[in-house]
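Text of my_file.txt, listed as compact mmCIF, C-alpha atoms:
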```
# COMPACT_ATOMS: atom_id res chain seq x y z
CA MET E 181 -143.83 -42.04 39.85
CA SER E 182 -146.81 -42.44 42.16
CA PHE E 183 -148.11 -39.34 43.89
CA GLU E 184 -150.19 -41.22 46.45
CA LEU E 185 -148.94 -40.72 49.99
CA ASP E 186 -148.99 -43.28 52.76
CA ARG E 187 -152.38 -45.03 52.59
CA GLN E 188 -152.58 -45.47 56.36
CA ALA E 189 -151.95 -41.76 56.89
CA PHE E 190 -154.69 -40.84 54.43
CA GLU E 191 -157.16 -43.11 56.22
CA GLY E 192 -156.43 -41.35 59.51
CA LEU E 193 -156.82 -37.94 57.95
CA GLY E 194 -160.05 -39.05 56.36
CA ARG E 195 -161.47 -39.77 59.79
CA LEU E 196 -160.46 -36.28 60.95
CA CYS E 197 -162.31 -34.78 57.98
CA ALA E 198 -165.38 -36.98 58.30
CA ASP E 199 -167.47 -34.28 59.95
CA ALA E 200 -166.10 -31.40 57.93
CA ALA E 201 -168.36 -31.90 54.88
CA GLU E 202 -166.32 -31.18 51.74
CA ASN E 203 -163.75 -28.70 53.03
CA CYS E 204 -161.11 -29.00 55.74
CA ILE E 205 -157.55 -28.19 56.72
CA ILE E 206 -155.36 -30.47 58.84
CA SER E 207 -152.09 -29.23 60.32
CA ALA E 208 -149.11 -31.19 61.61
CA PRO E 209 -146.99 -30.88 64.77
CA ASP E 210 -143.86 -29.20 63.42
CA PRO E 211 -140.65 -27.55 64.62
CA ALA E 212 -140.31 -23.78 64.74
CA GLY E 213 -140.10 -22.21 61.32
CA MET E 214 -142.04 -24.94 59.54
CA GLU E 215 -145.72 -25.74 59.09
CA ARG E 216 -147.25 -28.62 57.12
CA ILE E 217 -150.92 -28.89 56.18
CA GLU E 218 -153.31 -30.89 54.07
CA ALA E 219 -156.23 -28.96 52.56
CA ARG E 220 -159.37 -30.18 50.78
CA PHE E 221 -161.66 -27.73 49.05
CA HIS E 222 -164.43 -27.33 46.54
CA GLY E 223 -164.77 -24.02 44.70
CA SER E 224 -162.95 -20.89 45.75
CA ALA E 225 -160.86 -21.43 48.90
CA PHE E 226 -158.70 -18.39 49.59
CA ASP E 227 -159.11 -14.69 48.83
CA PRO E 228 -155.98 -12.78 47.73
CA HIS E 229 -153.40 -12.76 50.54
CA ARG E 230 -149.65 -12.82 51.23
CA HIS E 231 -147.38 -14.99 53.41
CA ASP E 232 -144.10 -14.01 55.02
CA THR E 233 -142.97 -17.60 54.39
CA TYR E 234 -142.34 -19.72 51.34
CA ALA E 235 -145.34 -21.91 50.48
CA ILE E 236 -144.17 -25.10 48.74
CA GLY E 237 -146.58 -27.93 48.08
CA VAL E 238 -147.89 -30.76 45.93
CA THR E 239 -151.34 -31.11 44.37
CA LEU E 240 -152.65 -34.60 45.16
CA ARG E 241 -156.07 -34.61 43.51
CA GLY E 242 -158.04 -32.32 41.23
CA VAL E 243 -156.84 -29.08 39.66
CA GLN E 244 -155.48 -26.27 41.83
CA THR E 245 -156.03 -22.79 40.37
CA PHE E 246 -154.62 -19.50 41.63
CA ARG E 247 -153.46 -16.08 40.50
CA TYR E 248 -149.78 -15.38 41.14
CA ARG E 249 -147.56 -12.55 39.95
CA GLY E 250 -150.31 -11.15 37.73
CA ALA E 251 -151.21 -14.36 35.88
CA ALA E 252 -153.60 -17.31 36.27
CA ARG E 253 -151.83 -20.55 37.18
CA LEU E 254 -152.92 -24.16 37.59
CA SER E 255 -151.36 -27.19 39.18
CA LEU E 256 -152.19 -30.82 38.36
CA PRO E 257 -151.59 -33.89 40.57
CA GLY E 258 -147.88 -34.42 41.05
CA GLN E 259 -146.87 -30.87 40.17
CA VAL E 260 -145.03 -28.70 42.68
CA ILE E 261 -146.22 -25.23 43.70
CA VAL E 262 -143.63 -22.68 44.87
CA LEU E 263 -144.87 -19.33 46.18
CA HIS E 264 -142.31 -16.76 47.26
CA PRO E 265 -142.79 -14.72 50.47
CA ASP E 266 -144.82 -11.51 50.13
CA GLU E 267 -146.25 -12.44 46.71
CA LEU E 268 -150.02 -11.86 46.44
CA HIS E 269 -152.03 -14.98 45.50
CA ASP E 270 -155.42 -16.62 45.92
CA GLY E 271 -156.48 -20.26 45.47
CA GLY E 272 -159.22 -22.76 44.83
CA ALA E 273 -160.41 -25.86 43.00
CA GLY E 274 -160.50 -25.67 39.22
CA THR E 275 -163.01 -28.48 38.69
CA GLU E 276 -166.18 -29.78 40.33
CA GLU E 277 -164.40 -32.83 41.74
CA GLY E 278 -162.66 -30.58 44.25
CA LEU E 279 -159.07 -30.21 45.32
CA ARG E 280 -156.68 -31.96 47.66
CA TYR E 281 -153.13 -30.82 48.29
CA ARG E 282 -150.39 -30.70 50.90
CA MET E 283 -148.30 -27.64 51.59
CA LEU E 284 -145.15 -26.74 53.50
CA TYR E 285 -144.76 -23.21 54.87
CA LEU E 286 -141.10 -22.46 55.49
CA GLU E 287 -139.60 -19.37 57.12
CA PRO E 288 -136.82 -17.76 55.04
CA SER E 289 -134.52 -17.73 58.08
CA LEU E 290 -134.29 -21.54 57.99
CA MET E 291 -133.47 -21.42 54.31
CA LEU E 292 -130.74 -18.82 54.78
CA ASP E 293 -129.04 -21.03 57.35
CA CYS E 294 -129.02 -23.84 54.81
CA LEU E 295 -127.97 -21.71 51.82
CA GLY E 296 -124.80 -20.53 53.52
CA GLY E 297 -124.99 -16.89 52.44
CA THR E 298 -126.35 -17.22 48.89
CA ALA E 299 -129.53 -15.39 47.86
CA LEU E 300 -132.97 -16.83 48.52
CA PRO E 301 -134.19 -18.72 45.43
CA PHE E 302 -137.00 -17.17 43.39
CA VAL E 303 -139.02 -19.58 41.21
CA ARG E 304 -140.83 -17.24 38.83
CA GLU E 305 -143.50 -19.50 37.33
CA GLY E 306 -144.96 -20.76 40.61
CA VAL E 307 -145.64 -24.29 39.27
CA VAL E 308 -142.98 -26.79 38.21
CA THR E 309 -142.98 -30.39 36.97
CA ASP E 310 -140.08 -32.27 38.56
CA ASP E 311 -140.41 -35.82 39.88
CA ALA E 312 -137.32 -35.61 42.09
CA PHE E 313 -138.47 -32.32 43.62
CA CYS E 314 -141.93 -33.80 44.20
CA ALA E 315 -140.45 -36.90 45.86
CA THR E 316 -138.38 -34.74 48.20
CA LEU E 317 -141.50 -32.82 49.26
CA LEU E 318 -143.59 -35.95 49.73
CA SER E 319 -140.95 -37.40 52.04
CA ALA E 320 -141.79 -34.61 54.50
CA LEU E 321 -145.50 -34.16 53.76
CA GLY E 322 -146.74 -37.51 54.97
CA PRO E 323 -147.82 -38.82 57.33
CA LEU E 324 -148.75 -35.49 58.85
CA GLU E 325 -149.52 -36.86 62.29
CA GLN E 326 -145.87 -37.90 62.72
CA LYS E 327 -143.45 -35.33 64.10
CA LEU E 328 -140.42 -34.88 61.86
CA ASP E 329 -137.12 -36.14 63.21
CA GLU E 330 -134.47 -33.43 63.57
CA LEU E 331 -131.86 -35.26 61.48
CA PHE E 332 -134.48 -35.83 58.78
CA VAL E 333 -135.28 -32.10 58.68
CA ASP E 334 -131.59 -31.23 58.18
CA ASP E 335 -131.26 -33.49 55.15
CA PHE E 336 -134.68 -32.57 53.79
CA LEU E 337 -133.87 -28.85 53.83
CA ALA E 338 -130.52 -29.45 52.13
CA GLN E 339 -132.23 -31.36 49.30
CA LEU E 340 -135.11 -28.89 49.10
CA MET E 341 -132.72 -25.96 48.69
CA GLN E 342 -130.98 -27.75 45.84
CA SER E 343 -134.30 -28.20 44.02
CA LEU E 344 -135.36 -24.60 44.60
CA ALA E 345 -131.99 -23.23 43.48
CA ARG E 346 -132.14 -25.34 40.31
CA HIS E 347 -135.58 -24.03 39.34
CA ALA E 348 -134.54 -20.49 40.26
CA GLY E 349 -131.66 -20.76 37.80
CA GLN E 350 -129.00 -20.52 40.49
CA PRO E 351 -125.81 -22.47 39.72
CA ALA E 352 -125.18 -25.51 41.90
CA LYS E 353 -122.47 -25.03 44.52
CA PRO E 354 -119.71 -27.59 43.96
CA LEU E 355 -118.72 -29.80 46.87
CA ALA E 356 -115.02 -29.13 47.30
CA GLY E 357 -113.91 -32.65 48.15
CA THR E 358 -115.69 -35.07 50.45
CA ALA E 359 -115.01 -34.57 54.16
CA TRP E 360 -114.36 -38.26 54.73
CA ARG E 361 -113.17 -37.99 58.32
CA ALA E 362 -116.19 -35.90 59.38
CA ALA E 363 -118.58 -38.27 57.60
CA THR E 364 -116.93 -41.29 59.21
CA LEU E 365 -117.07 -39.71 62.68
CA ALA E 366 -120.79 -39.04 62.20
CA ARG E 367 -121.35 -42.61 61.04
CA GLU E 368 -119.55 -44.04 64.06
CA TYR E 369 -121.43 -41.76 66.45
CA LEU E 370 -124.80 -42.74 64.98
CA THR E 371 -123.91 -46.43 65.20
CA GLU E 372 -123.01 -46.04 68.88
CA ASN E 373 -126.28 -44.23 69.69
CA LEU E 374 -128.93 -46.22 67.82
CA ASP E 375 -131.37 -46.54 70.70
CA ARG E 376 -131.97 -42.84 71.40
CA PRO E 377 -132.75 -39.62 69.53
CA VAL E 378 -129.58 -38.00 68.17
CA ARG E 379 -129.63 -34.21 67.97
CA SER E 380 -128.13 -32.21 65.12
CA GLU E 381 -126.02 -30.26 67.60
CA GLU E 382 -124.35 -33.50 68.70
CA LEU E 383 -123.21 -34.34 65.17
CA GLU E 384 -122.02 -30.78 64.63
CA ALA E 385 -119.90 -31.03 67.79
CA VAL E 386 -118.50 -34.45 66.79
CA THR E 387 -117.67 -33.56 63.17
CA GLY E 388 -116.96 -29.82 63.21
CA LEU E 389 -119.35 -29.31 60.25
CA ASP E 390 -122.67 -27.51 60.30
CA ARG E 391 -125.69 -29.78 59.87
CA TYR E 392 -126.34 -28.93 56.20
CA ALA E 393 -122.72 -29.35 55.12
CA LEU E 394 -122.62 -32.65 57.02
CA SER E 395 -125.72 -33.84 55.19
CA ARG E 396 -124.08 -33.13 51.82
CA HIS E 397 -120.74 -34.73 52.75
CA PHE E 398 -122.40 -37.76 54.38
CA ARG E 399 -124.39 -38.38 51.17
CA ALA E 400 -121.26 -38.03 49.08
CA ALA E 401 -119.44 -40.55 51.29
CA PHE E 402 -122.14 -43.14 51.96
CA SER E 403 -124.90 -42.48 49.37
CA THR E 404 -127.49 -41.85 52.07
CA SER E 405 -128.37 -39.26 54.71
CA PRO E 406 -127.43 -39.42 58.40
CA HIS E 407 -131.12 -39.83 59.24
CA ARG E 408 -131.65 -42.70 56.80
CA PHE E 409 -128.44 -44.38 57.96
CA LEU E 410 -129.65 -44.24 61.56
CA VAL E 411 -133.11 -45.62 60.66
CA MET E 412 -131.63 -48.54 58.72
CA ARG E 413 -129.25 -49.48 61.54
CA ARG E 414 -132.22 -49.43 63.94
CA LEU E 415 -134.15 -51.70 61.59
CA GLN E 416 -131.22 -54.11 61.37
CA SER E 417 -131.17 -54.25 65.15
CA ALA E 418 -134.94 -54.80 65.18
CA ARG E 419 -134.69 -57.75 62.77
CA LYS E 420 -132.22 -59.44 65.11
CA MET E 421 -134.64 -58.95 68.01
CA ILE E 422 -137.51 -60.33 65.91
CA ALA E 423 -135.47 -63.44 65.16
CA ALA E 424 -134.80 -63.80 68.90
CA GLY E 425 -138.58 -63.83 69.54
CA GLU E 426 -138.93 -60.55 71.42
CA PRO E 427 -142.38 -58.85 71.42
CA LEU E 428 -142.81 -56.31 68.63
CA ALA E 429 -144.01 -53.53 70.95
CA GLN E 430 -140.86 -53.89 73.05
CA ILE E 431 -138.67 -54.09 69.95
CA ALA E 432 -140.01 -50.74 68.75
CA ILE E 433 -138.87 -49.12 72.00
CA ASP E 434 -135.54 -50.94 72.28
CA ALA E 435 -134.63 -50.20 68.66
CA GLY E 436 -135.10 -46.46 69.18
CA PHE E 437 -138.41 -45.77 67.40
CA SER E 438 -140.89 -43.30 68.84
CA ASP E 439 -143.70 -45.88 68.98
CA GLN E 440 -144.85 -49.12 67.34
CA SER E 441 -146.70 -47.29 64.55
CA HIS E 442 -143.51 -45.45 63.61
CA PHE E 443 -141.60 -48.74 63.71
CA ASN E 444 -144.21 -50.44 61.49
CA ARG E 445 -144.12 -47.68 58.87
CA GLN E 446 -140.33 -47.57 58.66
CA PHE E 447 -140.02 -51.37 58.55
CA LYS E 448 -142.54 -51.71 55.73
CA LYS E 449 -140.94 -48.84 53.81
CA ALA E 450 -137.54 -50.55 54.04
CA PHE E 451 -138.49 -54.21 53.58
CA GLY E 452 -141.88 -54.25 51.84
CA MET E 453 -143.80 -55.95 54.65
CA THR E 454 -144.84 -55.30 58.25
CA PRO E 455 -142.72 -56.47 61.20
CA GLY E 456 -145.55 -58.84 62.13
CA ARG E 457 -145.43 -60.52 58.72
CA TRP E 458 -141.63 -60.70 58.85
CA SER E 459 -141.83 -62.28 62.30
CA SER E 460 -144.34 -64.89 61.12
CA LEU E 461 -142.17 -65.89 58.16
CA ILE E 462 -139.03 -66.10 60.29
CA HIS E 463 -140.60 -68.26 62.98
CA GLU E 464 -142.57 -70.46 60.58
CA ALA E 465 -139.30 -71.29 58.80
CA ALA E 466 -137.60 -72.00 62.14
CA ALA E 467 -140.45 -74.29 63.22
CA ALA E 468 -140.30 -76.22 59.95
CA ALA E 469 -136.54 -76.72 60.09
```
Turn this file's structure into structure tokens for me.
Amino acid sequence: MSFELDRQAFEGLGRLCADAAENCIISAPDPAGMERIEARFHGSAFDPHRHDTYAIGVTLRGVQTFRYRGAARLSLPGQVIVLHPDELHDGGAGTEEGLRYRMLYLEPSLMLDCLGGTALPFVREGVVTDDAFCATLLSALGPLEQKLDELFVDDFLAQLMQSLARHAGQPAKPLAGTAWRAATLAREYLTENLDRPVRSEELEAVTGLDRYALSRHFRAAFSTSPHRFLVMRRLQSARKMIAAGEPLAQIAIDAGFSDQSHFNRQFKKAFGMTPGRWSSLIHEAAAAA
């Protein structure tokens, strides 16, 4: 798999770092209990220290070296780093080319809500190679300038906990039958509210399931998350508006996206081209008919 994040996001971050010589840290606007950063360093970066959060990240470029639980560790591009709360560690670049990585700091309280009473996962080695785990992290670690949608965070945490539990050697919790009615009620509610932000509390009230259980049952029923389902329905609506000749900036608002940049990124991710290119192809074909 490719470990390059969104090119447009990287270009924006590059501008932020332009005056920071070789070393910088960029943080994202995040909900309570979460923090996302990108860091770029040459040489030694951090002295020994401890967090009261999990630190879970992906090395993007270079070699990341650190001491953790009494041993020297290293992480290569595409590998996942998992540091448990209150574990002493340092960090820096292992080669002269420097280091670039993105990291998520996650308060244990959020994880406990998601785990439903099971113990916090402990990944002993600190570095794991797992493409699916890496892909889950990258879905939340870029672009950093975009605030994470609440429904996305619910599903992301549910998937993240599954990856952490697997690498901690904790047995997977079986899903005791798909809650079809709850999943269908959530689907109908999302379809009826495409043009506005939908809160997790709303879906909990409609379905009677907590947000993490709903995420698991919705995936079992429809092979996607509530957040992804909502985004794709918005994009379907947007394509109809494009065909009708409405301005793209207005479509972004009417379809329920936070702004045109958000609309552009989601459209290209889903359909492999920008809304502008899609619009040109649609209307060129109509003119030639």
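Relative to CA of Pro228 (chain E), CA of Arg280 (chain E) is found at 19.2 Å.
The space between CA of Gly223 (chain E) and CA of Gly272 (chain E) spans 5.7 Å.
Nearest residue to Thr404 (chain E), choosing from E:Ser459, E:Thr454, E:Thr387, E:Gln339 and counting only C-alpha atoms: E:Gln339.
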Check the smallest atom-to-atom distance from each of E:Leu410, E:Ala312, E:Leu263, E:Val333 to Tyr369 (chain E) using all atoms listed in the file, then report the winner. E:Leu410
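Near region 316-325 of chain E, within 8 Å and counting only C-alpha atoms, sit E:Leu185, E:Asp186, E:Ala189, E:Phe190, E:Ser207, E:Ala208, E:Pro209, E:Arg216, E:Ile217, E:Gly237, E:Val238, E:Arg282, E:Met283, E:Leu284, E:Ala312, E:Phe313, E:Leu328, E:Phe336, E:Gln339, E:Leu340, not including residues fewer than 3 positions from it in the same chain.
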Give me the residues within 12 Å of Leu365 (chain E) as a list in words, counting all atoms listed in the file and dropping any in the same chain fewer than 3 places off. Ala359, Trp360, Arg361, Ala362, Glu368, Tyr369, Leu370, Thr371, Glu372, Glu382, Leu383, Glu384, Ala385, Val386, Thr387, Gly388, Leu389, Leu394, His397, Phe398, Ala401 and Pro406 of chain E
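Nearest-residue note for Thr233 (chain E): choosing from E:Phe246, E:Tyr285, E:Phe437, E:Phe221, the minimum distance belongs to E:Tyr285, counting all atoms listed in the file.
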Please, what distance in Å, to one decimal, runs between CA of Phe447 (chain E) and CA of Ala400 (chain E)? 24.9 Å
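The smallest atom-to-atom distance between Gly306 (chain E) and any of E:Tyr392, E:Tyr234, E:Phe332, E:Tyr281, using only C-alpha atoms, is found for E:Tyr234.
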Leaving out Gly456 (chain E) and any residue of its chain fewer than 3 positions from it, which residues lie within 10 Å of it when counting all atoms listed in the file, given as a PDB file with C-alpha atoms, in the coordinates of the input?
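This is the output file part.pdb:
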```
ATOM      1  CA  ILE E 422    -137.510 -60.330  65.910  1.00  0.00           C
ATOM      2  CA  PRO E 427    -142.380 -58.850  71.420  1.00  0.00           C
ATOM      3  CA  LEU E 428    -142.810 -56.310  68.630  1.00  0.00           C
ATOM      4  CA  ASN E 444    -144.210 -50.440  61.490  1.00  0.00           C
ATOM      5  CA  PHE E 447    -140.020 -51.370  58.550  1.00  0.00           C
ATOM      6  CA  MET E 453    -143.800 -55.950  54.650  1.00  0.00           C
ATOM      7  CA  SER E 459    -141.830 -62.280  62.300  1.00  0.00           C
ATOM      8  CA  SER E 460    -144.340 -64.890  61.120  1.00  0.00           C
ATOM      9  CA  LEU E 461    -142.170 -65.890  58.160  1.00  0.00           C
ATOM     10  CA  ILE E 462    -139.030 -66.100  60.290  1.00  0.00           C
TER      11      ILE E 462
END
```
Residues proximal to (-143.1, -16.7, 49.7) were defined as those with any atom within 12 Å of that point in the file's coordinates, counting all atoms listed in the file. Which are they, as an NGL selection string? :E and (229-237 or 248-249 or 261-269 or 284-288 or 291 or 300-304 or 306)
Skipping near chain neighbours, those fewer than 2 positions away, what residues fall within 10 Å of region 374-376 of chain E using all atoms listed in the file, listed as a PyMOL selection string? chain E and resi 369-372+378-379+410-415+417+432-438
Which one of E:Glu426, E:Asp210, E:Asp335, E:Asp227 sits closest to Cys294 (chain E) if you count all atoms listed in the file? E:Asp335
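For the residues E:Ala467, E:Ala348, E:Leu254, E:Ala273, ranking by smallest atom-to-atom distance to Ala219 (chain E) using all atoms listed in the file places E:Ala273 first.
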Taking only residues of region 291-320 of chain E that have an atom at most 7 Å from an atom of region 256-260 of chain E, what is each one's shortest atom pair and its distance in Å to one decimal, using only C-alpha atoms, in chain and number order, as CSV?
```
residue,atom,partner,partner_atom,distance
E:Val307,CA,E:Val260,CA,5.6
E:Val308,CA,E:Val260,CA,5.3
E:Thr309,CA,E:Gln259,CA,5.1
E:Cys314,CA,E:Val260,CA,6.2
```
Hey, could you patch up region 386-409 of chain E with N, CA, C and O atoms and hand it over as an mmCIF file, in the frame of the given file?
```cif
data_model
loop_
_atom_site.group_PDB
_atom_site.id
_atom_site.type_symbol
_atom_site.label_atom_id
_atom_site.label_comp_id
_atom_site.auth_asym_id
_atom_site.auth_seq_id
_atom_site.Cartn_x
_atom_site.Cartn_y
_atom_site.Cartn_z
ATOM 1 N N VAL E 386 -119.380 -33.306 67.065
ATOM 2 C CA VAL E 386 -118.500 -34.450 66.790
ATOM 3 C C VAL E 386 -117.683 -34.228 65.521
ATOM 4 O O VAL E 386 -116.497 -34.576 65.464
ATOM 5 N N THR E 387 -118.310 -33.636 64.487
ATOM 6 C CA THR E 387 -117.670 -33.560 63.170
ATOM 7 C C THR E 387 -117.018 -32.217 62.861
ATOM 8 O O THR E 387 -116.147 -32.131 61.994
ATOM 9 N N GLY E 388 -117.470 -31.146 63.527
ATOM 10 C CA GLY E 388 -116.960 -29.820 63.210
ATOM 11 C C GLY E 388 -117.601 -29.198 61.988
ATOM 12 O O GLY E 388 -117.188 -28.113 61.557
ATOM 13 N N LEU E 389 -118.618 -29.846 61.393
ATOM 14 C CA LEU E 389 -119.350 -29.310 60.250
ATOM 15 C C LEU E 389 -120.733 -28.854 60.693
ATOM 16 O O LEU E 389 -121.312 -29.436 61.621
ATOM 17 N N ASP E 390 -121.282 -27.842 60.011
ATOM 18 C CA ASP E 390 -122.670 -27.510 60.300
ATOM 19 C C ASP E 390 -123.576 -28.597 59.714
ATOM 20 O O ASP E 390 -123.154 -29.385 58.861
ATOM 21 N N ARG E 391 -124.809 -28.662 60.180
ATOM 22 C CA ARG E 391 -125.690 -29.780 59.870
ATOM 23 C C ARG E 391 -125.965 -29.950 58.376
ATOM 24 O O ARG E 391 -126.111 -31.081 57.891
ATOM 25 N N TYR E 392 -126.025 -28.838 57.629
ATOM 26 C CA TYR E 392 -126.340 -28.930 56.200
ATOM 27 C C TYR E 392 -125.123 -29.372 55.397
ATOM 28 O O TYR E 392 -125.237 -30.171 54.464
ATOM 29 N N ALA E 393 -123.948 -28.877 55.765
ATOM 30 C CA ALA E 393 -122.720 -29.350 55.120
ATOM 31 C C ALA E 393 -122.509 -30.827 55.417
ATOM 32 O O ALA E 393 -122.127 -31.613 54.532
ATOM 33 N N LEU E 394 -122.773 -31.242 56.663
ATOM 34 C CA LEU E 394 -122.620 -32.650 57.020
ATOM 35 C C LEU E 394 -123.557 -33.522 56.191
ATOM 36 O O LEU E 394 -123.157 -34.598 55.726
ATOM 37 N N SER E 395 -124.785 -33.073 56.001
ATOM 38 C CA SER E 395 -125.720 -33.840 55.190
ATOM 39 C C SER E 395 -125.174 -34.066 53.787
ATOM 40 O O SER E 395 -125.225 -35.176 53.247
ATOM 41 N N ARG E 396 -124.617 -33.011 53.175
ATOM 42 C CA ARG E 396 -124.080 -33.130 51.820
ATOM 43 C C ARG E 396 -122.862 -34.055 51.777
ATOM 44 O O ARG E 396 -122.739 -34.913 50.895
ATOM 45 N N HIS E 397 -121.947 -33.908 52.740
ATOM 46 C CA HIS E 397 -120.740 -34.730 52.750
ATOM 47 C C HIS E 397 -121.055 -36.186 53.108
ATOM 48 O O HIS E 397 -120.431 -37.113 52.568
ATOM 49 N N PHE E 398 -122.013 -36.400 53.999
ATOM 50 C CA PHE E 398 -122.400 -37.760 54.380
ATOM 51 C C PHE E 398 -122.981 -38.479 53.164
ATOM 52 O O PHE E 398 -122.673 -39.652 52.907
ATOM 53 N N ARG E 399 -123.829 -37.785 52.398
ATOM 54 C CA ARG E 399 -124.390 -38.380 51.170
ATOM 55 C C ARG E 399 -123.302 -38.702 50.159
ATOM 56 O O ARG E 399 -123.333 -39.743 49.494
ATOM 57 N N ALA E 400 -122.349 -37.795 50.018
ATOM 58 C CA ALA E 400 -121.260 -38.030 49.080
ATOM 59 C C ALA E 400 -120.425 -39.253 49.494
ATOM 60 O O ALA E 400 -119.957 -40.021 48.645
ATOM 61 N N ALA E 401 -120.264 -39.449 50.787
ATOM 62 C CA ALA E 401 -119.440 -40.550 51.290
ATOM 63 C C ALA E 401 -120.169 -41.884 51.284
ATOM 64 O O ALA E 401 -119.601 -42.918 50.901
ATOM 65 N N PHE E 402 -121.443 -41.871 51.710
ATOM 66 C CA PHE E 402 -122.140 -43.140 51.960
ATOM 67 C C PHE E 402 -123.430 -43.314 51.156
ATOM 68 O O PHE E 402 -124.165 -44.282 51.371
ATOM 69 N N SER E 403 -123.720 -42.387 50.250
ATOM 70 C CA SER E 403 -124.900 -42.480 49.370
ATOM 71 C C SER E 403 -126.227 -42.517 50.116
ATOM 72 O O SER E 403 -127.211 -43.071 49.624
ATOM 73 N N THR E 404 -126.251 -41.958 51.297
ATOM 74 C CA THR E 404 -127.490 -41.850 52.070
ATOM 75 C C THR E 404 -127.332 -40.708 53.056
ATOM 76 O O THR E 404 -126.244 -40.159 53.207
ATOM 77 N N SER E 405 -128.425 -40.350 53.726
ATOM 78 C CA SER E 405 -128.370 -39.260 54.710
ATOM 79 C C SER E 405 -128.075 -39.803 56.094
ATOM 80 O O SER E 405 -128.270 -40.995 56.367
ATOM 81 N N PRO E 406 -127.612 -38.956 57.014
ATOM 82 C CA PRO E 406 -127.430 -39.420 58.400
ATOM 83 C C PRO E 406 -128.716 -39.983 58.985
ATOM 84 O O PRO E 406 -128.686 -41.007 59.690
ATOM 85 N N HIS E 407 -129.852 -39.343 58.707
ATOM 86 C CA HIS E 407 -131.120 -39.830 59.240
ATOM 87 C C HIS E 407 -131.444 -41.216 58.705
ATOM 88 O O HIS E 407 -131.810 -42.127 59.468
ATOM 89 N N ARG E 408 -131.325 -41.400 57.398
ATOM 90 C CA ARG E 408 -131.650 -42.700 56.800
ATOM 91 C C ARG E 408 -130.689 -43.774 57.290
ATOM 92 O O ARG E 408 -131.095 -44.919 57.536
ATOM 93 N N PHE E 409 -129.416 -43.427 57.432
ATOM 94 C CA PHE E 409 -128.440 -44.380 57.960
ATOM 95 C C PHE E 409 -128.847 -44.849 59.352
ATOM 96 O O PHE E 409 -128.822 -46.042 59.664
#
```
